[in-house]
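**Q** Dropping a structure here in structure tokens format, bear with me for questions.
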Amino acid sequence: MDRKDQIDTFNRFTQVSRETIKGLMLYEELLIKGNKNLNLVGNSTINHIWHRHFLDSFQVIDFIDKNQKTLVDLGSGAGFPGLVLSIVAKERKIPLKIKLIEKSKRKINFLKEIITKLNLNASAIYQNVEDEKFYFNDDTFVARAFKPLPKIFELMHKKAKNFNKIIIFLGKNGKDGLLQASKNWDIKYKQRMSVTSKDSFIIEVSKLIKK
Ligand SMILES: C[S@@+](CC[C@H](N)C(=O)[O-])C[C@H]1O[C@@H](n2cnc3c(N)ncnc32)[C@H](O)[C@@H]1O
């Protein structure tokens with residue numbers, strides 16, 4: 001799909017305003033510029049940003065409760081899905097603060113630039129979440145291409161004792177990952193098909209108990 005078709009599809013699916021599209025175009029421009037040095041997205045996806053990254057990120061906006069105050073994006077990288085969600089939350093006047101957690105200082109600088117330029121209700125937090133002394137105070141999380149499922153579960157179990165929801169993007173190995181994980185965990189989750197890839201799906205985990 002060329003860029004024009006991707007933007008057209010994005011528009012039809014999301015029904016966002018012209019203003020939001022303009023914001024995303026600026027984000028796209030800085031992403032392409034920054035990718036030369038920062039390795040923000042895979043080179044194979046750089047011509048498919050609107051589909052592979054923007055639309056893919058957008059699709060979880062309705063999984064977030066309307067009265068949710070904060071959302072933590074684990075290993076946000078170039079801002080997926082957190083920054084896209086923040087851009088859409090701004091348009092929809094959803095008072096949601098998004099915390100983008102990232103252990104790469106260079107990516108944090110990139111995220112901060114977009115937050116400032118688009119005046120978003122988000123913060124980029126320079127943190128390795130595996131640091132021994134680090135714990136979360138938050139209750140809702142999202143993870144896209146962050147770590148293997150068992151690692152995410154261990155992390156939440158140890159560091160986010162009071163979580164109420166984790167939204168996790170899974171790819172073509174996701175089914176196996178879930179099967180493996182269910183040997184060690186009682187998991188309560190809802191599953192949704194991805195709108196951008198027939199091999200991918202998204203789970204919303206609301207309960208995680210170690211067996
Ligand atoms: C494969 S990228 C995915 C980025 C983004 N979520 C996406 O979907 O495009 C994984 C990101 O997680 C970050 N990361 C990995 N381990 C981390 C940790 N322990 N703490 C914070 N960030 C971490 C990496 O620096 C990297 O930017």
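Following the order of the structure tokens, first chain is A, next is B, and so on, with residues numbered from 1 inside each chain and ligands from 1 in the order they appear.
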Each residue of chain A lying at most 10 Å from ligand 1 should get a row with its shortest atom-to-atom pair and the distance in Å to one decimal, counting only C-alpha atoms and all ligand atoms; could you produce that, ordered by chain and increasing number, as a Markdown table?
**A**
| residue | atom | partner | partner_atom_place_in_ligand_line | distance |
| --- | --- | --- | --- | --- |
| A:Asn39 | CA | ligand 1 | 27 (O) | 9.2 |
| A:Leu40 | CA | ligand 1 | 9 (O) | 7.5 |
| A:Val41 | CA | ligand 1 | 9 (O) | 6.3 |
| A:Gly42 | CA | ligand 1 | 9 (O) | 8.5 |
| A:Arg52 | CA | ligand 1 | 9 (O) | 9.4 |
| A:His53 | CA | ligand 1 | 9 (O) | 7.2 |
| A:Asp56 | CA | ligand 1 | 8 (O) | 9.2 |
| A:Ser57 | CA | ligand 1 | 8 (O) | 8.1 |
| A:Asp73 | CA | ligand 1 | 6 (N) | 7.4 |
| A:Leu74 | CA | ligand 1 | 22 (N) | 6.4 |
| A:Gly75 | CA | ligand 1 | 12 (O) | 3.3 |
| A:Ser76 | CA | ligand 1 | 6 (N) | 4.1 |
| A:Gly77 | CA | ligand 1 | 27 (O) | 3.4 |
| A:Ala78 | CA | ligand 1 | 9 (O) | 6.0 |
| A:Gly79 | CA | ligand 1 | 5 (C) | 6.2 |
| A:Phe80 | CA | ligand 1 | 7 (C) | 4.6 |
| A:Pro81 | CA | ligand 1 | 6 (N) | 6.3 |
| A:Gly82 | CA | ligand 1 | 6 (N) | 8.1 |
| A:Leu100 | CA | ligand 1 | 22 (N) | 9.2 |
| A:Ile101 | CA | ligand 1 | 21 (C) | 5.7 |
| A:Glu102 | CA | ligand 1 | 22 (N) | 3.9 |
| A:Lys103 | CA | ligand 1 | 21 (C) | 4.0 |
| A:Ser104 | CA | ligand 1 | 25 (O) | 5.0 |
| A:Lys105 | CA | ligand 1 | 25 (O) | 8.7 |
| A:Arg106 | CA | ligand 1 | 25 (O) | 9.4 |
| A:Lys107 | CA | ligand 1 | 27 (O) | 7.0 |
| A:Ile108 | CA | ligand 1 | 27 (O) | 9.1 |
| A:Ile125 | CA | ligand 1 | 21 (C) | 9.0 |
| A:Tyr126 | CA | ligand 1 | 21 (C) | 7.6 |
| A:Gln127 | CA | ligand 1 | 21 (C) | 5.6 |
| A:Asn128 | CA | ligand 1 | 20 (N) | 3.5 |
| A:Val129 | CA | ligand 1 | 20 (N) | 4.1 |
| A:Glu130 | CA | ligand 1 | 19 (N) | 4.7 |
| A:Asp131 | CA | ligand 1 | 19 (N) | 7.5 |
| A:Val142 | CA | ligand 1 | 6 (N) | 8.8 |
| A:Ala143 | CA | ligand 1 | 6 (N) | 6.3 |
| A:Arg144 | CA | ligand 1 | 8 (O) | 4.3 |
| A:Ala145 | CA | ligand 1 | 3 (C) | 4.6 |
| A:Phe146 | CA | ligand 1 | 10 (C) | 4.5 |
| A:Lys147 | CA | ligand 1 | 15 (C) | 7.0 |
| A:Leu155 | CA | ligand 1 | 19 (N) | 9.5 |
| A:Phe169 | CA | ligand 1 | 8 (O) | 8.5 |
**Q** Take the residues from that selection and put them in a file with C-alpha atoms, as a PDB file, in the first residue's frame.
**A**
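In the end it all went to result-v9.pdb:
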ATOM      1  CA  ASN A  39      17.025   3.022  14.760  1.00  0.00           C
ATOM      2  CA  LEU A  40      13.502   3.867  15.861  1.00  0.00           C
ATOM      3  CA  VAL A  41      11.564   1.470  13.636  1.00  0.00           C
ATOM      4  CA  GLY A  42      12.644  -1.452  11.465  1.00  0.00           C
ATOM      5  CA  ARG A  52       2.149  -0.837  10.612  1.00  0.00           C
ATOM      6  CA  HIS A  53       2.630   1.676  13.419  1.00  0.00           C
ATOM      7  CA  ASP A  56      -1.721  -0.730  14.722  1.00  0.00           C
ATOM      8  CA  SER A  57      -1.265   1.506  17.795  1.00  0.00           C
ATOM      9  CA  ASP A  73       3.549   2.106  27.800  1.00  0.00           C
ATOM     10  CA  LEU A  74       6.309  -0.422  28.537  1.00  0.00           C
ATOM     11  CA  GLY A  75       9.380  -0.038  26.304  1.00  0.00           C
ATOM     12  CA  SER A  76       7.744   2.640  24.189  1.00  0.00           C
ATOM     13  CA  GLY A  77      10.611   2.876  21.671  1.00  0.00           C
ATOM     14  CA  ALA A  78       9.580   5.439  19.070  1.00  0.00           C
ATOM     15  CA  GLY A  79       6.222   5.899  20.853  1.00  0.00           C
ATOM     16  CA  PHE A  80       4.166   2.848  19.906  1.00  0.00           C
ATOM     17  CA  PRO A  81       1.488   2.591  20.923  1.00  0.00           C
ATOM     18  CA  GLY A  82       1.713   5.282  23.645  1.00  0.00           C
ATOM     19  CA  LEU A 100       6.167   6.251  28.055  1.00  0.00           C
ATOM     20  CA  ILE A 101       8.844   4.152  29.735  1.00  0.00           C
ATOM     21  CA  GLU A 102      12.041   3.581  27.840  1.00  0.00           C
ATOM     22  CA  LYS A 103      15.588   2.578  28.761  1.00  0.00           C
ATOM     23  CA  SER A 104      17.267   4.200  25.743  1.00  0.00           C
ATOM     24  CA  LYS A 105      18.234   7.820  26.429  1.00  0.00           C
ATOM     25  CA  ARG A 106      18.274   8.668  22.729  1.00  0.00           C
ATOM     26  CA  LYS A 107      14.763   7.374  22.233  1.00  0.00           C
ATOM     27  CA  ILE A 108      13.638   9.326  25.324  1.00  0.00           C
ATOM     28  CA  ILE A 125      10.408   8.360  31.541  1.00  0.00           C
ATOM     29  CA  TYR A 126      14.015   7.229  31.274  1.00  0.00           C
ATOM     30  CA  GLN A 127      13.948   3.985  33.209  1.00  0.00           C
ATOM     31  CA  ASN A 128      15.039   0.388  32.972  1.00  0.00           C
ATOM     32  CA  VAL A 129      11.968  -1.366  34.376  1.00  0.00           C
ATOM     33  CA  GLU A 130      14.092  -4.348  35.357  1.00  0.00           C
ATOM     34  CA  ASP A 131      16.128  -2.301  37.832  1.00  0.00           C
ATOM     35  CA  VAL A 142       0.285  -1.624  27.423  1.00  0.00           C
ATOM     36  CA  ALA A 143       3.145  -3.545  25.789  1.00  0.00           C
ATOM     37  CA  ARG A 144       3.940  -3.816  22.086  1.00  0.00           C
ATOM     38  CA  ALA A 145       7.012  -5.767  20.944  1.00  0.00           C
ATOM     39  CA  PHE A 146       8.423  -5.237  24.434  1.00  0.00           C
ATOM     40  CA  LYS A 147       9.473  -8.638  25.753  1.00  0.00           C
ATOM     41  CA  LEU A 155       7.623  -8.286  35.564  1.00  0.00           C
ATOM     42  CA  PHE A 169       0.155  -7.032  21.354  1.00  0.00           C
TER      43      PHE A 169
END
**Q** Please identify the alpha helix (DSSP H) residues within chain A (assignment by DSSP from backbone atoms) and present them as a short mmCIF file (atom, residue, chain, number, x, y, z; two decimals) with N, CA and C atoms, in the first residue's frame.
**A**
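Produced file result_34.cif, reproduced below:
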data_model
loop_
_atom_site.label_atom_id
_atom_site.label_comp_id
_atom_site.auth_asym_id
_atom_site.auth_seq_id
_atom_site.Cartn_x
_atom_site.Cartn_y
_atom_site.Cartn_z
N ARG A 3 1.72 5.38 0.48
CA ARG A 3 1.44 6.24 1.64
C ARG A 3 0.03 6.82 1.59
N LYS A 4 -0.38 7.27 0.39
CA LYS A 4 -1.69 7.91 0.25
C LYS A 4 -2.81 6.93 0.65
N ASP A 5 -2.67 5.69 0.18
CA ASP A 5 -3.68 4.67 0.51
C ASP A 5 -3.67 4.34 2.01
N GLN A 6 -2.48 4.32 2.57
CA GLN A 6 -2.38 4.05 4.01
C GLN A 6 -3.10 5.14 4.81
N ILE A 7 -2.87 6.41 4.41
CA ILE A 7 -3.49 7.52 5.15
C ILE A 7 -5.01 7.46 4.96
N ASP A 8 -5.42 7.10 3.75
CA ASP A 8 -6.84 6.98 3.47
C ASP A 8 -7.49 5.89 4.34
N THR A 9 -6.81 4.76 4.44
CA THR A 9 -7.33 3.66 5.27
C THR A 9 -7.36 4.09 6.74
N PHE A 10 -6.29 4.75 7.17
CA PHE A 10 -6.22 5.23 8.56
C PHE A 10 -7.42 6.15 8.84
N ASN A 11 -7.66 7.08 7.91
CA ASN A 11 -8.76 8.02 8.05
C ASN A 11 -10.11 7.33 8.16
N ARG A 12 -10.33 6.37 7.28
CA ARG A 12 -11.63 5.69 7.27
C ARG A 12 -11.84 4.90 8.54
N PHE A 13 -10.77 4.26 9.03
CA PHE A 13 -10.91 3.42 10.21
C PHE A 13 -11.06 4.25 11.49
N THR A 14 -10.27 5.35 11.56
CA THR A 14 -10.20 6.08 12.83
C THR A 14 -11.15 7.27 12.91
N ARG A 18 -8.77 16.46 10.88
CA ARG A 18 -7.68 16.95 10.02
C ARG A 18 -6.47 17.38 10.88
N GLU A 19 -6.80 17.97 12.04
CA GLU A 19 -5.76 18.44 12.97
C GLU A 19 -4.90 17.26 13.46
N THR A 20 -5.57 16.16 13.79
CA THR A 20 -4.86 14.96 14.27
C THR A 20 -3.99 14.38 13.16
N ILE A 21 -4.53 14.36 11.94
CA ILE A 21 -3.74 13.86 10.81
C ILE A 21 -2.49 14.73 10.62
N LYS A 22 -2.65 16.04 10.79
CA LYS A 22 -1.51 16.94 10.64
C LYS A 22 -0.45 16.65 11.72
N GLY A 23 -0.92 16.39 12.94
CA GLY A 23 0.00 16.04 14.04
C GLY A 23 0.75 14.76 13.73
N LEU A 24 0.03 13.78 13.19
CA LEU A 24 0.66 12.49 12.86
C LEU A 24 1.65 12.66 11.71
N MET A 25 1.35 13.59 10.79
CA MET A 25 2.27 13.83 9.67
C MET A 25 3.60 14.41 10.19
N LEU A 26 3.50 15.27 11.19
CA LEU A 26 4.72 15.83 11.78
C LEU A 26 5.51 14.71 12.49
N TYR A 27 4.79 13.89 13.22
CA TYR A 27 5.40 12.74 13.91
C TYR A 27 6.10 11.83 12.88
N GLU A 28 5.40 11.57 11.77
CA GLU A 28 5.97 10.73 10.70
C GLU A 28 7.28 11.35 10.16
N GLU A 29 7.23 12.66 9.93
CA GLU A 29 8.41 13.35 9.36
C GLU A 29 9.61 13.22 10.31
N LEU A 30 9.37 13.44 11.60
CA LEU A 30 10.47 13.37 12.57
C LEU A 30 10.96 11.93 12.75
N LEU A 31 10.04 11.00 12.62
CA LEU A 31 10.38 9.58 12.73
C LEU A 31 11.31 9.16 11.59
N ILE A 32 10.98 9.60 10.38
CA ILE A 32 11.80 9.24 9.21
C ILE A 32 13.18 9.89 9.34
N LYS A 33 13.19 11.15 9.79
CA LYS A 33 14.46 11.86 9.97
C LYS A 33 15.29 11.18 11.07
N GLY A 34 14.63 10.90 12.20
CA GLY A 34 15.35 10.33 13.36
C GLY A 34 15.80 8.90 13.12
N ASN A 35 15.11 8.20 12.23
CA ASN A 35 15.41 6.77 12.06
C ASN A 35 16.81 6.53 11.51
N LYS A 36 17.35 7.55 10.82
CA LYS A 36 18.68 7.38 10.23
C LYS A 36 19.73 7.13 11.31
N ASN A 37 19.58 7.81 12.46
CA ASN A 37 20.58 7.64 13.52
C ASN A 37 20.08 6.82 14.71
N LEU A 38 18.78 6.84 14.91
CA LEU A 38 18.27 6.30 16.18
C LEU A 38 17.71 4.88 16.09
N ASP A 56 -1.91 0.37 13.78
CA ASP A 56 -1.72 -0.73 14.72
C ASP A 56 -1.82 -0.23 16.17
N SER A 57 -1.21 0.93 16.44
CA SER A 57 -1.26 1.51 17.79
C SER A 57 -2.67 1.99 18.13
N PHE A 58 -3.29 2.68 17.17
CA PHE A 58 -4.62 3.27 17.39
C PHE A 58 -5.65 2.23 17.84
N GLY A 82 2.03 4.19 22.72
CA GLY A 82 1.71 5.28 23.64
C GLY A 82 1.53 6.66 23.02
N LEU A 83 2.44 7.05 22.14
CA LEU A 83 2.32 8.41 21.59
C LEU A 83 1.10 8.57 20.70
N VAL A 84 0.83 7.53 19.91
CA VAL A 84 -0.34 7.59 19.03
C VAL A 84 -1.61 7.69 19.89
N LEU A 85 -1.65 6.91 20.97
CA LEU A 85 -2.81 6.95 21.86
C LEU A 85 -2.96 8.34 22.49
N SER A 86 -1.83 8.93 22.82
CA SER A 86 -1.87 10.26 23.42
C SER A 86 -2.41 11.30 22.43
N ILE A 87 -2.01 11.18 21.17
CA ILE A 87 -2.48 12.11 20.14
C ILE A 87 -4.01 11.97 19.97
N VAL A 88 -4.48 10.73 20.01
CA VAL A 88 -5.92 10.50 19.83
C VAL A 88 -6.69 10.92 21.09
N ALA A 89 -6.10 10.65 22.27
CA ALA A 89 -6.74 11.05 23.53
C ALA A 89 -6.92 12.57 23.56
N LYS A 90 -5.94 13.29 23.02
CA LYS A 90 -6.03 14.76 23.00
C LYS A 90 -7.23 15.19 22.15
N GLU A 91 -7.35 14.60 20.97
CA GLU A 91 -8.48 14.97 20.10
C GLU A 91 -9.82 14.63 20.77
N LYS A 105 18.24 6.36 26.25
CA LYS A 105 18.23 7.82 26.43
C LYS A 105 17.93 8.54 25.11
N ARG A 106 18.49 8.01 24.03
CA ARG A 106 18.27 8.67 22.73
C ARG A 106 16.81 8.61 22.30
N LYS A 107 16.19 7.47 22.57
CA LYS A 107 14.76 7.37 22.23
C LYS A 107 13.93 8.29 23.13
N ILE A 108 14.35 8.41 24.40
CA ILE A 108 13.64 9.33 25.32
C ILE A 108 13.68 10.74 24.77
N ASN A 109 14.83 11.16 24.27
CA ASN A 109 14.94 12.52 23.71
C ASN A 109 14.01 12.69 22.52
N PHE A 110 13.91 11.66 21.70
CA PHE A 110 13.00 11.70 20.55
C PHE A 110 11.54 11.83 21.05
N LEU A 111 11.17 11.00 22.02
CA LEU A 111 9.79 11.02 22.54
C LEU A 111 9.46 12.41 23.11
N LYS A 112 10.44 12.98 23.83
CA LYS A 112 10.20 14.30 24.45
C LYS A 112 9.98 15.37 23.39
N GLU A 113 10.71 15.25 22.29
CA GLU A 113 10.56 16.24 21.22
C GLU A 113 9.13 16.20 20.66
N ILE A 114 8.62 15.00 20.44
CA ILE A 114 7.25 14.89 19.88
C ILE A 114 6.22 15.39 20.90
N ILE A 115 6.42 15.01 22.17
CA ILE A 115 5.46 15.44 23.21
C ILE A 115 5.38 16.96 23.24
N THR A 116 6.54 17.62 23.18
CA THR A 116 6.57 19.08 23.23
C THR A 116 5.95 19.67 21.96
N LYS A 117 6.38 19.14 20.81
CA LYS A 117 5.89 19.75 19.55
C LYS A 117 4.37 19.60 19.39
N LEU A 118 3.82 18.48 19.89
CA LEU A 118 2.38 18.26 19.71
C LEU A 118 1.58 18.59 20.98
N LEU A 149 6.22 -12.95 26.34
CA LEU A 149 5.11 -12.98 27.28
C LEU A 149 5.51 -13.40 28.71
N PRO A 150 6.27 -14.51 28.88
CA PRO A 150 6.60 -14.92 30.26
C PRO A 150 7.37 -13.82 31.01
N LYS A 151 8.20 -13.08 30.29
CA LYS A 151 8.97 -11.98 30.92
C LYS A 151 8.03 -10.87 31.38
N ILE A 152 7.05 -10.55 30.52
CA ILE A 152 6.10 -9.48 30.87
C ILE A 152 5.30 -9.91 32.10
N PHE A 153 4.87 -11.17 32.11
CA PHE A 153 4.08 -11.66 33.25
C PHE A 153 4.91 -11.61 34.55
N GLU A 154 6.16 -12.05 34.49
CA GLU A 154 7.03 -12.02 35.68
C GLU A 154 7.18 -10.59 36.18
N LEU A 155 7.41 -9.69 35.23
CA LEU A 155 7.62 -8.29 35.56
C LEU A 155 6.39 -7.70 36.27
N MET A 156 5.22 -7.94 35.71
CA MET A 156 3.98 -7.42 36.30
C MET A 156 3.75 -8.04 37.68
N HIS A 157 4.01 -9.33 37.77
CA HIS A 157 3.81 -10.05 39.02
C HIS A 157 4.69 -9.48 40.14
N LYS A 158 5.94 -9.16 39.77
CA LYS A 158 6.89 -8.66 40.78
C LYS A 158 6.73 -7.17 41.06
N LYS A 159 6.45 -6.40 39.99
CA LYS A 159 6.60 -4.95 40.13
C LYS A 159 5.31 -4.16 40.01
N GLY A 174 2.41 -15.69 19.22
CA GLY A 174 1.65 -15.37 20.43
C GLY A 174 0.86 -16.55 21.00
N LYS A 175 0.28 -17.35 20.10
CA LYS A 175 -0.54 -18.48 20.57
C LYS A 175 0.32 -19.45 21.37
N ASP A 176 1.52 -19.77 20.83
CA ASP A 176 2.44 -20.67 21.53
C ASP A 176 2.86 -20.07 22.87
N GLY A 177 3.15 -18.78 22.83
CA GLY A 177 3.57 -18.08 24.05
C GLY A 177 2.51 -18.19 25.13
N LEU A 178 1.24 -18.01 24.71
CA LEU A 178 0.14 -18.08 25.68
C LEU A 178 0.00 -19.49 26.26
N LEU A 179 0.17 -20.46 25.36
CA LEU A 179 0.05 -21.86 25.77
C LEU A 179 1.15 -22.21 26.79
N GLN A 180 2.37 -21.79 26.48
CA GLN A 180 3.49 -22.00 27.39
C GLN A 180 3.23 -21.32 28.74
N ALA A 181 2.81 -20.06 28.63
CA ALA A 181 2.61 -19.27 29.85
C ALA A 181 1.52 -19.87 30.73
N SER A 182 0.51 -20.47 30.09
CA SER A 182 -0.61 -20.99 30.89
C SER A 182 -0.20 -22.21 31.73
N LYS A 183 1.00 -22.75 31.47
CA LYS A 183 1.48 -23.84 32.33
C LYS A 183 1.87 -23.30 33.71
N ASN A 184 2.31 -22.05 33.74
CA ASN A 184 2.79 -21.46 35.00
C ASN A 184 1.86 -20.42 35.61
#
**Q** As a list in words, please: every residue in region 22-93 of chain A that a backbone DSSP assignment puts in strand (DSSP E or B).
**A**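 Here is the list: Thr70, Leu71, Val72, Asp73 and Leu74 of chain A.
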**Q** Quick one: pull the distance between CA of Ser17 (chain A) and CA of Lys99 (chain A), Å, one decimal.
**A**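 These two atoms are separated by 23.9 Å.
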**Q** So how far away is CA of Ser197 (chain A) from CA of Asn47 (chain A), in Å?
**A** 16.1 Å
